Structure formats: structure tokens, C-alpha cells
>>> print(open('target_25.txt').read())   # compact mmCIF, C-alpha atoms
# COMPACT_ATOMS: atom_id res chain seq x y z
CA MET F 976 23.42 133.00 105.11
CA ILE F 977 26.64 131.02 105.25
CA ALA F 978 25.74 129.81 108.74
CA ARG F 979 22.39 128.52 107.50
CA LEU F 980 23.95 126.75 104.57
CA LEU F 981 26.56 125.23 106.85
CA ALA F 982 23.84 123.97 109.12
CA ALA F 983 22.03 122.49 106.13
CA VAL F 984 25.20 120.74 104.96
CA ALA F 985 25.89 119.47 108.45
CA ALA F 986 22.35 118.06 108.61
CA LEU F 987 22.92 116.41 105.25
CA LEU F 988 26.20 114.87 106.38
CA LEU F 989 24.77 113.51 109.60
CA GLY F 990 22.05 111.78 107.63
CA GLY F 991 19.32 113.93 109.07
CA CYS F 992 19.29 112.02 112.35
CA ALA F 993 18.46 113.85 115.53
CA ALA F 994 22.08 114.21 116.52
CA PHE F 995 22.02 117.91 117.28
CA GLY F 996 20.83 117.79 120.85
CA THR F 997 22.51 116.28 123.82
CA PRO F 998 23.33 112.58 123.72
CA PRO F 999 21.51 110.42 126.31
CA GLN F 1000 24.29 109.67 128.80
CA THR F 1001 25.49 113.28 128.91
CA ALA F 1002 21.92 114.45 129.44
CA ALA F 1003 21.40 111.95 132.28
CA LEU F 1004 24.69 112.87 133.93
CA LEU F 1005 23.98 116.59 133.84
CA ALA F 1006 20.34 116.30 134.87
CA ALA F 1007 21.12 114.23 137.96
CA PRO F 1008 24.82 114.10 138.86
CA PRO F 1009 25.45 110.66 140.43
CA THR F 1010 26.09 110.63 144.16
CA GLY F 1011 29.70 110.30 145.20
CA LEU F 1012 31.00 111.66 141.91
CA PRO F 1013 33.03 114.86 142.38
CA ALA F 1014 31.82 117.74 140.21
CA ARG F 1015 35.30 118.46 138.93
CA VAL F 1016 38.47 116.37 138.64
CA GLU F 1017 41.65 117.07 136.75
CA ARG F 1018 44.65 114.81 137.02
CA ALA F 1019 47.21 117.40 135.97
CA GLU F 1020 50.07 115.05 136.96
CA VAL F 1021 49.38 112.61 134.12
CA PRO F 1022 52.36 112.82 131.74
CA PHE F 1023 52.03 113.67 128.07
CA PHE F 1024 53.57 112.08 125.00
CA PRO F 1025 52.78 114.10 121.88
CA GLN F 1026 51.94 111.79 119.02
CA THR F 1027 54.14 111.60 115.96
CA ARG F 1028 52.64 110.74 112.58
CA ASP F 1029 49.79 108.24 112.99
CA HIS F 1030 51.00 107.00 116.35
CA CYS F 1031 48.13 108.11 118.56
CA GLY F 1032 47.73 104.53 119.83
CA PRO F 1033 51.31 104.19 121.11
CA ALA F 1034 51.21 107.75 122.49
CA ALA F 1035 47.96 107.13 124.39
CA LEU F 1036 49.26 103.83 125.72
CA ALA F 1037 52.54 105.44 126.80
CA THR F 1038 50.59 108.12 128.67
CA ALA F 1039 48.57 105.54 130.62
CA LEU F 1040 51.62 103.36 131.35
CA ALA F 1041 53.82 106.24 132.48
CA ASP F 1042 50.99 107.37 134.75
CA VAL F 1043 51.41 104.13 136.75
CA LYS F 1044 55.23 104.26 136.54
CA LEU F 1045 55.58 101.42 134.03
CA PRO F 1046 58.07 101.54 131.14
CA ALA F 1047 56.58 103.73 128.42
CA ASP F 1048 58.62 104.50 125.34
CA PRO F 1049 56.30 105.51 122.48
CA ASP F 1050 58.74 104.30 119.81
CA ARG F 1051 59.07 100.93 121.48
CA LEU F 1052 55.26 100.76 121.87
CA ALA F 1053 54.80 101.66 118.22
CA ASP F 1054 56.74 98.51 117.33
CA ALA F 1055 54.40 96.57 119.60
CA VAL F 1056 51.01 97.90 118.47
CA PHE F 1057 51.22 99.90 115.24
CA LEU F 1058 49.93 98.13 112.14
CA PRO F 1059 51.55 99.77 109.09
CA SER F 1060 49.05 98.57 106.47
CA ARG F 1061 46.16 100.11 108.43
CA GLY F 1062 48.05 103.24 109.40
CA GLY F 1063 46.89 102.81 112.97
CA SER F 1064 46.66 100.53 115.98
CA LEU F 1065 43.96 97.90 116.56
CA GLN F 1066 42.16 97.69 119.89
CA LEU F 1067 43.18 94.09 120.56
CA GLU F 1068 46.83 94.98 120.07
CA MET F 1069 46.48 97.90 122.44
CA LEU F 1070 45.57 95.30 125.08
CA GLY F 1071 48.50 93.10 124.07
CA GLY F 1072 50.91 96.05 124.07
CA ALA F 1073 49.87 97.06 127.59
CA ARG F 1074 50.31 93.48 128.84
CA ARG F 1075 53.82 93.26 127.43
CA GLN F 1076 54.77 96.32 129.49
CA GLY F 1077 53.49 94.73 132.69
CA ALA F 1078 50.04 96.32 132.85
CA VAL F 1079 46.67 94.58 133.09
CA ALA F 1080 44.48 96.15 130.41
CA THR F 1081 40.83 96.03 131.42
CA ARG F 1082 37.84 96.99 129.31
CA LEU F 1083 35.50 99.39 131.14
CA PRO F 1084 31.68 99.42 130.95
CA GLY F 1085 30.37 101.50 128.04
CA GLU F 1086 28.95 104.22 130.26
CA LEU F 1087 30.14 107.78 130.51
CA GLU F 1088 29.61 107.68 134.26
CA ALA F 1089 32.03 104.74 134.60
CA LEU F 1090 34.72 106.71 132.77
CA LEU F 1091 34.31 109.73 135.02
CA ARG F 1092 34.33 107.53 138.13
CA GLU F 1093 37.54 105.92 136.95
CA VAL F 1094 39.18 109.33 136.52
CA ALA F 1095 37.93 110.34 139.97
CA ALA F 1096 39.50 107.12 141.34
CA GLY F 1097 42.86 108.33 140.01
CA HIS F 1098 43.14 106.22 136.87
CA ALA F 1099 43.93 107.40 133.35
CA VAL F 1100 41.41 106.04 130.82
CA VAL F 1101 42.40 105.25 127.23
CA VAL F 1102 39.45 105.82 124.89
CA LEU F 1103 38.82 105.17 121.23
CA GLN F 1104 37.03 108.02 119.48
CA ASN F 1105 35.67 108.35 116.01
CA LEU F 1106 36.28 112.04 115.37
CA GLY F 1107 34.69 111.80 111.95
CA LEU F 1108 31.35 110.42 110.87
CA SER F 1109 30.09 106.89 110.91
CA TRP F 1110 30.56 106.60 107.15
CA LEU F 1111 33.74 108.67 107.13
CA PRO F 1112 35.56 107.46 110.24
CA ARG F 1113 38.55 109.18 111.80
CA TRP F 1114 39.67 106.75 114.49
CA HIS F 1115 41.65 108.25 117.31
CA TYR F 1116 42.98 107.16 120.69
CA ALA F 1117 43.13 109.69 123.51
CA VAL F 1118 43.51 109.60 127.28
CA LEU F 1119 40.82 110.96 129.57
CA VAL F 1120 42.43 112.73 132.54
CA GLY F 1121 39.72 115.03 133.86
CA TYR F 1122 36.22 116.46 133.59
CA ASP F 1123 34.15 119.35 134.83
CA LEU F 1124 30.40 118.86 135.15
CA GLY F 1125 29.97 122.60 135.75
CA THR F 1126 31.43 123.68 132.42
CA ARG F 1127 30.28 120.40 130.81
CA GLU F 1128 33.73 119.49 129.56
CA VAL F 1129 36.19 116.63 129.57
CA ILE F 1130 39.97 117.04 129.61
CA LEU F 1131 42.09 114.82 127.39
CA ARG F 1132 45.68 114.15 126.47
CA SER F 1133 45.09 113.94 122.76
CA GLY F 1134 47.31 113.89 119.69
CA THR F 1135 49.71 116.79 119.95
CA THR F 1136 47.58 118.70 122.45
CA GLN F 1137 48.64 118.31 126.06
CA ARG F 1138 45.41 119.63 127.54
CA GLU F 1139 42.49 119.34 125.19
CA THR F 1140 39.12 120.38 126.55
CA MET F 1141 36.13 119.00 124.71
CA PRO F 1142 32.43 119.51 125.44
CA LEU F 1143 31.03 116.47 127.23
CA ARG F 1144 28.38 116.00 124.55
CA THR F 1145 30.93 116.07 121.71
CA PHE F 1146 33.02 113.58 123.64
CA GLU F 1147 30.04 111.26 124.03
CA PHE F 1148 29.21 111.52 120.32
CA THR F 1149 32.76 110.68 119.26
CA TRP F 1150 33.17 107.96 121.88
CA ALA F 1151 29.83 106.33 121.06
CA ARG F 1152 30.76 106.40 117.37
CA GLY F 1153 33.95 104.55 118.33
CA GLY F 1154 31.95 101.74 119.94
CA ARG F 1155 32.19 102.99 123.54
CA TRP F 1156 35.60 101.40 123.94
CA ALA F 1157 37.61 102.41 127.00
CA ILE F 1158 40.33 100.66 128.98
CA THR F 1159 42.56 101.20 131.95
CA ALA F 1160 46.14 99.88 132.03
CA LEU F 1161 47.08 99.28 135.65
CA PRO F 1162 49.69 97.33 137.62
CA PRO F 1163 48.47 93.81 138.52
CA ARG F 1164 47.73 94.63 142.15
CA GLU F 1165 45.26 97.37 141.18
CA LEU F 1166 41.78 96.84 139.78
CA PRO F 1167 39.82 99.56 137.99
CA ALA F 1168 37.07 101.02 140.18
CA THR F 1169 34.24 100.32 137.75
CA ALA F 1170 35.23 97.14 135.91
CA ARG F 1171 32.76 94.27 135.90
CA GLU F 1172 33.72 90.76 136.92
CA ALA F 1173 33.66 89.29 133.39
CA GLU F 1174 35.92 91.98 131.93
CA ALA F 1175 38.30 91.89 134.91
CA GLN F 1176 38.55 88.12 134.51
CA ASP F 1177 39.29 88.39 130.77
CA ALA F 1178 41.93 90.99 131.54
CA ALA F 1179 43.70 88.76 134.05
CA VAL F 1180 43.61 85.70 131.77
CA GLY F 1181 45.07 87.82 128.95
CA PHE F 1182 47.71 89.21 131.28
CA GLU F 1183 48.79 85.68 132.23
CA ARG F 1184 49.72 85.06 128.61
CA ALA F 1185 52.20 87.92 128.31
CA ALA F 1186 53.39 88.65 131.85
CA PRO F 1187 55.91 86.92 134.13
CA PRO F 1188 54.01 84.27 136.16
CA ALA F 1189 54.69 85.93 139.51
CA GLN F 1190 53.10 89.16 138.21
CA ALA F 1191 50.13 87.29 136.78
CA ALA F 1192 49.61 85.62 140.16
CA LEU F 1193 49.28 89.10 141.69
CA ALA F 1194 46.56 89.94 139.17
CA TYR F 1195 44.60 86.81 140.13
CA GLU F 1196 45.03 87.61 143.83
CA ALA F 1197 43.57 91.08 143.23
CA LEU F 1198 40.69 89.55 141.29
CA LEU F 1199 39.97 87.08 144.11
CA ALA F 1200 40.14 89.83 146.72
CA ARG F 1201 37.21 91.58 145.04
CA TRP F 1202 35.33 88.53 143.73
CA PRO F 1203 36.25 85.63 146.04
CA GLY F 1204 33.86 83.32 144.18
CA ASN F 1205 35.61 83.61 140.80
CA LEU F 1206 36.49 80.07 139.75
CA LEU F 1207 38.82 80.98 136.90
CA ALA F 1208 40.84 83.34 139.10
CA GLY F 1209 41.40 80.46 141.52
CA ILE F 1210 42.60 78.16 138.74
CA GLY F 1211 44.74 80.95 137.30
CA LEU F 1212 46.30 81.61 140.70
CA GLY F 1213 47.28 77.95 141.01
CA ASN F 1214 48.71 77.82 137.48
CA THR F 1215 50.71 81.05 137.76
CA ARG F 1216 52.13 80.16 141.18
CA HIS F 1217 53.18 76.81 139.79
CA ALA F 1218 54.80 78.47 136.78
CA ALA F 1219 56.60 80.86 139.11
CA GLY F 1220 58.04 77.93 141.05
CA ASP F 1221 55.86 78.30 144.15
CA VAL F 1222 54.74 74.67 144.33
CA ALA F 1223 53.29 74.79 147.83
CA GLY F 1224 51.37 77.98 147.03
CA ALA F 1225 50.01 76.42 143.84
CA ARG F 1226 48.78 73.33 145.75
CA ALA F 1227 47.12 75.54 148.34
CA ALA F 1228 45.36 77.53 145.61
CA PHE F 1229 44.03 74.40 143.88
CA GLU F 1230 42.94 72.89 147.21
CA ASN F 1231 40.91 76.03 147.93
CA VAL F 1232 39.26 76.24 144.55
CA ALA F 1233 38.62 72.48 144.31
CA GLU F 1234 36.84 72.40 147.67
CA ARG F 1235 34.92 75.59 147.01
CA HIS F 1236 33.71 74.94 143.47
CA ASP F 1237 34.13 71.16 143.06
CA SER F 1238 35.76 71.98 139.70
CA ALA F 1239 37.11 69.12 137.59
CA VAL F 1240 40.02 71.22 136.32
CA ALA F 1241 41.03 72.15 139.85
CA TRP F 1242 40.86 68.50 141.02
CA ILE F 1243 42.90 67.34 138.00
CA ASN F 1244 45.59 69.98 138.48
CA LEU F 1245 45.68 69.30 142.22
CA ALA F 1246 46.12 65.58 141.58
CA ARG F 1247 48.95 66.22 139.15
CA LEU F 1248 50.74 68.53 141.59
CA ARG F 1249 50.35 66.04 144.47
CA LEU F 1250 51.72 63.33 142.23
CA ASP F 1251 54.72 65.52 141.38
CA ALA F 1252 55.33 65.97 145.09
CA GLY F 1253 55.25 62.19 145.63
CA ASP F 1254 51.92 62.24 147.49
CA ARG F 1255 50.39 59.27 145.67
CA THR F 1256 47.48 58.78 148.08
CA GLY F 1257 46.50 62.43 148.04
CA ALA F 1258 46.79 62.47 144.26
CA ARG F 1259 44.49 59.46 143.96
CA ILE F 1260 41.85 61.07 146.19
CA ALA F 1261 41.90 64.24 144.08
CA ALA F 1262 41.84 62.29 140.80
CA GLU F 1263 38.85 60.26 141.99
CA ARG F 1264 37.00 63.48 142.80
CA ALA F 1265 37.94 64.76 139.30
CA VAL F 1266 36.51 61.67 137.60
CA LYS F 1267 33.33 61.86 139.68
CA ARG F 1268 32.84 65.53 138.91
CA ALA F 1269 33.65 65.17 135.20
CA ASP F 1270 31.18 62.30 134.85
CA ALA F 1271 28.48 64.22 136.70
CA ALA F 1272 28.76 67.70 135.20
CA GLU F 1273 31.88 68.44 133.16
CA PRO F 1274 32.14 65.84 130.36
CA ALA F 1275 34.83 67.88 128.56
CA TRP F 1276 37.33 66.78 131.21
CA ARG F 1277 36.41 63.08 131.36
CA ASP F 1278 39.47 61.87 129.44
CA ALA F 1279 41.89 64.11 131.27
CA ALA F 1280 40.49 63.06 134.65
CA ARG F 1281 40.77 59.34 133.80
CA ALA F 1282 44.33 59.80 132.48
CA THR F 1283 45.27 61.48 135.73
CA LEU F 1284 43.68 58.73 137.80
CA GLY F 1285 45.57 56.18 135.73
CA ALA F 1286 48.83 57.99 136.42
CA THR F 1287 48.30 57.78 140.16
CA ASN F 1288 48.12 53.97 139.93
CA GLU F 1289 51.34 53.55 137.94
CA ARG F 1290 54.40 52.29 139.64
CA MET Z 300 53.01 76.13 96.89
CA ASN Z 301 51.18 77.88 99.67
CA LYS Z 302 48.81 74.95 100.08
CA ALA Z 303 51.68 72.48 100.23
CA ARG Z 304 53.38 74.63 102.85
CA ARG Z 305 50.21 74.77 104.83
CA ILE Z 306 49.80 71.00 104.77
CA VAL Z 307 53.41 70.40 105.75
CA SER Z 308 53.21 72.93 108.56
CA SER Z 309 49.93 71.40 109.82
CA ILE Z 310 51.53 67.98 109.97
CA LEU Z 311 54.61 69.37 111.68
CA ILE Z 312 52.61 71.32 114.20
CA SER Z 313 50.25 68.50 114.98
CA SER Z 314 53.14 66.10 115.43
CA ILE Z 315 54.78 68.57 117.81
CA VAL Z 316 51.55 69.14 119.71
CA PHE Z 317 50.71 65.45 119.99
CA SER Z 318 54.21 64.33 120.88
CA GLY Z 319 54.26 67.03 123.54
CA MET Z 320 50.95 65.75 124.84
CA ALA Z 321 51.99 62.13 124.89
CA GLN Z 322 54.88 62.99 127.13
CA ALA Z 323 53.22 65.60 129.22
CA ALA Z 324 49.63 64.40 129.50
CA PRO Z 325 49.47 63.17 133.09
CA THR Z 326 51.65 65.86 134.66
CA ALA Z 327 51.17 69.11 132.70
CA LEU Z 328 48.57 71.32 134.32
CA ILE Z 329 45.41 72.36 132.47
CA SER Z 330 45.91 76.00 131.56
CA THR Z 331 43.66 78.83 132.69
CA GLU Z 332 42.67 79.57 129.09
CA GLN Z 333 41.69 75.95 128.45
CA ALA Z 334 39.55 76.04 131.59
CA ALA Z 335 37.97 79.29 130.40
CA ALA Z 336 37.28 77.90 126.93
CA ALA Z 337 35.60 74.80 128.39
CA MET Z 338 33.40 77.00 130.57
CA GLN Z 339 32.18 79.07 127.65
CA ALA Z 340 32.02 77.09 124.46
CA ALA Z 341 30.72 73.70 123.47
CA PRO Z 342 33.33 71.23 124.65
CA ARG Z 343 35.98 70.41 122.09
CA SER Z 344 38.68 67.91 122.70
CA GLU Z 345 41.75 69.31 124.41
CA ALA Z 346 44.05 68.26 121.56
CA HIS Z 347 41.84 69.73 118.85
CA ALA Z 348 41.52 73.05 120.65
CA ARG Z 349 45.26 73.27 121.09
CA LEU Z 350 45.95 72.42 117.47
CA GLN Z 351 43.42 75.00 116.24
CA ALA Z 352 44.95 77.69 118.47
CA THR Z 353 48.43 76.91 117.15
CA LEU Z 354 47.25 77.14 113.53
CA ASP Z 355 45.42 80.41 114.23
CA ARG Z 356 48.57 81.92 115.66
CA GLU Z 357 50.65 80.87 112.66
CA ASP Z 358 48.08 82.44 110.31
CA LEU Z 359 47.92 85.62 112.35
CA ALA Z 360 51.71 85.98 112.40
CA ALA Z 361 51.76 85.60 108.61
CA MET Z 362 49.00 88.21 108.24
CA LEU Z 363 50.83 90.69 110.45
CA GLN Z 364 54.01 90.19 108.48
CA ALA Z 365 52.16 90.79 105.21
CA ARG Z 366 50.83 94.01 106.73
CA GLY Z 367 54.22 95.49 107.46
CA VAL Z 368 55.03 94.33 111.00
CA SER Z 369 58.74 93.65 111.41
CA ALA Z 370 59.72 89.98 111.67
CA ASP Z 371 61.25 90.16 115.14
CA GLU Z 372 58.04 91.61 116.60
CA LEU Z 373 55.65 89.01 115.14
CA ARG Z 374 56.05 86.33 117.78
CA ALA Z 375 55.76 88.67 120.76
CA ARG Z 376 52.71 90.43 119.33
CA VAL Z 377 50.84 87.25 118.56
CA ASN Z 378 51.77 85.71 121.91
CA ALA Z 379 50.41 88.69 123.85
CA LEU Z 380 46.88 87.71 122.76
CA THR Z 381 44.71 84.94 124.17
CA ASP Z 382 43.47 82.19 121.87
CA ALA Z 383 40.07 83.86 121.64
CA GLU Z 384 41.60 87.25 120.88
CA ALA Z 385 43.94 85.83 118.26
CA GLN Z 386 40.98 84.23 116.51
CA GLN Z 387 38.99 87.47 116.65
CA MET Z 388 41.89 89.46 115.27
CA LEU Z 389 42.35 86.98 112.46
CA GLN Z 390 38.81 87.72 111.32
CA GLN Z 391 38.85 91.50 111.76
CA ILE Z 392 42.38 92.61 110.99
CA ASP Z 393 41.34 94.65 107.96
CA GLN Z 394 37.99 95.91 109.28
CA ALA Z 395 38.48 96.72 112.96
CA PRO Z 396 38.94 100.39 113.81
CA ALA Z 397 42.58 101.44 113.66
CA GLY Z 398 43.08 104.54 115.76
CA SER Z 399 45.40 106.91 113.98
CA SER Z 400 44.03 110.28 113.13
CA ASP Z 401 45.16 113.60 114.45
CA VAL Z 402 43.34 116.88 114.57
CA VAL Z 403 45.00 118.14 111.40
CA GLY Z 404 43.46 115.14 109.66
CA ILE Z 405 39.91 115.94 110.69
CA LEU Z 406 40.31 119.61 109.71
CA PHE Z 407 41.61 118.49 106.36
CA THR Z 408 38.59 116.22 105.91
CA ILE Z 409 36.17 119.03 106.67
CA PHE Z 410 38.07 121.29 104.29
CA ILE Z 411 37.74 118.73 101.49
CA ILE Z 412 34.03 118.17 102.15
CA LEU Z 413 33.29 121.88 102.15
CA LEU Z 414 35.44 122.33 99.07
CA VAL Z 415 33.39 119.68 97.27
CA THR Z 416 30.07 121.13 98.44
CA ASP Z 417 31.32 124.57 97.34
CA ILE Z 418 32.15 123.26 93.90
CA LEU Z 419 28.76 121.56 93.70
CA GLY Z 420 27.17 124.90 94.48
CA LEU Z 421 25.61 123.74 97.74
CA THR Z 422 27.81 126.04 99.82
CA LYS Z 423 29.98 129.11 99.34
CA VAL Z 424 32.51 128.99 102.12
CA PHE Z 425 35.72 129.71 100.27
CA PRO Z 426 36.17 132.90 98.21
CA PHE Z 427 38.32 131.13 95.63
CA THR Z 428 35.84 128.45 94.52
CA ARG Z 429 33.51 128.74 91.57
CA SER Z 430 30.44 126.56 91.28
CA VAL Z 431 30.26 124.15 88.38
CA ARG Z 432 26.84 125.48 87.55
>>> encode(input="target_25.txt", output="C-alpha cells")
Amino acid sequence: MIARLLAAVAALLLGGCAAFGTPPQTAALLAAPPTGLPARVERAEVPFFPQTRDHCGPAALATALADVKLPADPDRLADAVFLPSRGGSLQLEMLGGARRQGAVATRLPGELEALLREVAAGHAVVVLQNLGLSWLPRWHYAVLVGYDLGTREVILRSGTTQRETMPLRTFEFTWARGGRWAITALPPRELPATAREAEAQDAAVGFERAAPPAQAALAYEALLARWPGNLLAGIGLGNTRHAAGDVAGARAAFENVAERHDSAVAWINLARLRLDAGDRTGARIAAERAVKRADAAEPAWRDAARATLGATNER
Amino acid sequence: MNKARRIVSSILISSIVFSGMAQAAPTALISTEQAAAAMQAAPRSEAHARLQATLDREDLAAMLQARGVSADELRARVNALTDAEAQQMLQQIDQAPAGSSDVVGILFTIFIILLVTDILGLTKVFPFTRSVR
């Protein structure tokens, strides 16, 4: 009797939607396990930082950072990401907090399969879950460290539980209710296995803001190694090398990207660097290309290109 | 008061930004974020975009401070975000999910819900409750 009433109440609370079965991605994964995905992975070596008070964000971040041997002090991280008025940590600040510790924080695709692949590739995945209901949210950060398709479970470092096993379907429900948000926090040389180009690019540009330039240059190099045609990574590589004091390396980077993409920004920056180095003729050639390109296709840079060309003619 | 402060700070910031530009225009490199912004959005002038980003950051720092973040962390936290992220955060700071809960919290929530449904007479989970009807 009690069980029936409980079921009725649960149905009431869930708004009567058909949420009792198996959610779509779990069903697809179990029906046809993707090729190349191991049936069972557990990264037992991932460290654990039990959360204190409402600090599940800092604890989850510390777990991911310590896993890649970066500095991870939960109290220090709490200062960096915890927002007292909200009693929690916002997703954007989780990204910022990871960057400040020297990690590139990359958003992963919103697919369960991507998360499992990432774990199989040896990366800890920080996820946002809504453990409650859509109208009664209980936001929670945890770290995915393993899964078992046979027993249909995932393994998490979560809250004060070092090894929490959760049914795959429950995990998908709570993760989907949290907006399917998942990130990796990795050293700049390493890219997540499943990240898409756009997200990897955003991650590197964000990293440049908070990291030492030499480290940010490594992130752009990694990005270019996987996606050689990424224009912004080429520009970022030139800028970060320049900021790190590697003038020759910066020029080389801008030369590459300017030739490859005929980008106004790359021509402008190349001209300015050549001018700094006293190469007035080379600077003028680059500035002329910048003006031509800006007039033809990138009007936003018209003024900057002309100013640069003007500078190459000054005595 | 606040408005006056805002106006003064805008003037100060814009004078800083523009004086910096006047000196640095031909030699300073175009930043990666500026290049990214130009690729995505409708082109805005370089100076306007920079001014807007500076103002956004000032506002965000003030909002964080009002929400209990210690003063010596403000700068570093705001600076760890890109211009686009800072703007997004400015809009969502009080609505975006804030991960915090622990398992005790969720159990407590369920307890309260069942307690209420017990009292309403919809359920009878706990021996110590008596329905209002």
C-alpha cells in the first residue's frame, strides 16, 4: 500500500511525464555499445577530496586538478570559485578557477558516450548534476571516474563519498536536468579525446586570459596539432609567443597563419612585429596585404590596417 | 551618488583606454579575443568593444563583492573570464545553477516533501504524523 502511494506521489512530483523508463542516451548505449569503448573502466587512482559544507564545486575541481598533478587545495579553490550569496559555485567560475591553476577547462559534448570515452581515455570528467527536480533543483558537482556497462553503473567521486556508484539511467536523468554540462581540466599540452573544435578553441582563448603566456602558447600548439586549419589558434600562438618574449617564434606563427588564411589580423600583427624588429620593407608588404584583405572581406579591421600602413611610412 | 560614480568612472576608464590606444595603436598587437569577437559578432569598433569590456568587468567585480566574495579575490576572478564570459556572467549571476548540494541535502528535501504529503493525507510514511483531515 505504502509502495503504491509512494509511486503515486513520485508520479505527481515528476509532473506525470514519462520519466520512469530508461532515458534515451542510456538506452542507446546499452542496446548497442559503441565500438572501441571498453565495457568497464574504473580510474581508482583518481584522488578524492571530501567536500566540506557547500563546497562541492571546489572539491570536484580539486579532484580533477590533482588527477593531472596540478596544484589543488580545496580551500584555496573555494576562494576562487565559491559564491557566498548563492551558496554554491557557478559553471563559468569553475572554468576560471581551473585556468588560474594552470589547467585548460574544456566543455565536452552533451552526450553520455563522450563522457564515457573521456574516462576511458584516462581523463577525470567534472559534471554538473541536478539531484533534485526541475522545479526543486539540487545542483551538485561530481567527478566521473569510471563506469560499468555490464552492471549499468557509473562511478563518481561525489560529495563526501569517495566511491559512489549510481545507475547509469539515474546519472543521465540528473545530468540532463543539469543541462548536460561536463568539462575536463587538463594541462595545456593535452586535449580531451572527445572535445569539438569550437569548444577546444574557446577553452584555449579563455586559458590565454588567465595563464602565463608560455603555457597558453602550448595550448594553442596542441590545438593546431589536432586542427591545423584553426585560424584563431594561429593568431593566439603568435600573440602568446610574443607575450612570452619569443619574438622570432611569434613572427613565424603570424607568417604561417597570414599566408594560410590571408587573415587581416594576422597581417596587421605581422606588420607590427616586423616594424618592431626594424624590418620596414617587410612591415610595409604585410601592412599592404592587411589593407587589401580588410577592404575586400574584413571591414572591421580597415582602420587598424591603415594605421599600421601609416606607421610603416613614418620616419 | 551611484550614478555620479558611474559617470566619473566611465570618463576615467575611457580616458585611460583611449590614451593607451593613442600611444599603442600602431605597435600593440590585436589580441586573440578581439580577433575572435570580430569573427563572430557584427563588427564593432575596436575602441568601443574595449571600453564595453572594461565597464562589464567593473560591474561584475562590484556584483561579486556585493555577493560576498572577498575584495582581494575580485580582480583575479573577473580576469580569469573572457569578455564574452564576463558579459554572460553579468546577466546570469543570480539565475545560473550554483552547484552546492550534498546527499544529506537531497535526503532532507525528500523527508520534507513526504512529511508535507503525509500531513496533507496523501501519504502515510511516518508513524508520527497525523493527517489534517
>>> interface_residues(input="target_25.txt", of="chain F", to="chain Z", cutoff="6 Å", atoms="only C-alpha atoms", output="count of residues only")
20
>>> atom_distance(input="target_25.txt", atom1="atom CA of Z:Leu419", atom2="atom CA of F:Leu1106")
24.8 Å
>>> residues_around(input="target_25.txt", residues="F:Ala1178", least_positions_apart="3", cutoff="10 Å", atoms="only C-alpha atoms", output="mmCIF file with C-alpha atoms, in the frame of the given file")
data_model
loop_
_atom_site.group_PDB
_atom_site.id
_atom_site.type_symbol
_atom_site.label_atom_id
_atom_site.label_comp_id
_atom_site.auth_asym_id
_atom_site.auth_seq_id
_atom_site.Cartn_x
_atom_site.Cartn_y
_atom_site.Cartn_z
ATOM 1 C CA LEU F 1070 45.570 95.300 125.080
ATOM 2 C CA ARG F 1074 50.310 93.480 128.840
ATOM 3 C CA ALA F 1078 50.040 96.320 132.850
ATOM 4 C CA VAL F 1079 46.670 94.580 133.090
ATOM 5 C CA ALA F 1080 44.480 96.150 130.410
ATOM 6 C CA THR F 1081 40.830 96.030 131.420
ATOM 7 C CA ARG F 1082 37.840 96.990 129.310
ATOM 8 C CA ALA F 1160 46.140 99.880 132.030
ATOM 9 C CA PRO F 1163 48.470 93.810 138.520
ATOM 10 C CA GLU F 1172 33.720 90.760 136.920
ATOM 11 C CA ALA F 1173 33.660 89.290 133.390
ATOM 12 C CA GLU F 1174 35.920 91.980 131.930
ATOM 13 C CA ALA F 1175 38.300 91.890 134.910
ATOM 14 C CA GLY F 1181 45.070 87.820 128.950
ATOM 15 C CA PHE F 1182 47.710 89.210 131.280
ATOM 16 C CA GLU F 1183 48.790 85.680 132.230
ATOM 17 C CA ALA F 1194 46.560 89.940 139.170
ATOM 18 C CA TYR F 1195 44.600 86.810 140.130
ATOM 19 C CA LEU F 1198 40.690 89.550 141.290
ATOM 20 C CA THR Z 381 44.710 84.940 124.170
#
>>> atom_distance(input="target_25.txt", atom1="atom CA of F:Val1118", atom2="atom CA of F:Glu1020")
12.9 Å
>>> atom_distance(input="target_25.txt", atom1="atom CA of F:Ala1035", atom2="atom CA of F:Glu1093")
16.4 Å
>>> residues_around(input="target_25.txt", residues="F:Ala1252", least_positions_apart="2", cutoff="12 Å", atoms="only C-alpha atoms", output="list in words")
Val1222, Ala1223, Ala1225, Arg1226, Leu1245, Ala1246, Arg1247, Leu1248, Arg1249, Leu1250, Asp1254, Arg1255, Thr1256, Gly1257, Ala1258 and Thr1287 of chain F; Thr326 of chain Z
>>> residues_around(input="target_25.txt", residues="Z:Thr428", least_positions_apart="4", cutoff="8 Å", atoms="all atoms listed in the file", output="MDAnalysis selection string")
chainID Z and resid 414 417:418 423
>>> residues_around(input="target_25.txt", residues="F:Arg1018", least_positions_apart="6", cutoff="8 Å", atoms="only C-alpha atoms", output="PDB file with C-alpha atoms, in the coordinates of the input")
ATOM      1  CA  VAL F1094      39.180 109.330 136.520  1.00  0.00           C
ATOM      2  CA  GLY F1097      42.860 108.330 140.010  1.00  0.00           C
ATOM      3  CA  VAL F1120      42.430 112.730 132.540  1.00  0.00           C
ATOM      4  CA  GLY F1121      39.720 115.030 133.860  1.00  0.00           C
TER       5      GLY F1121
END
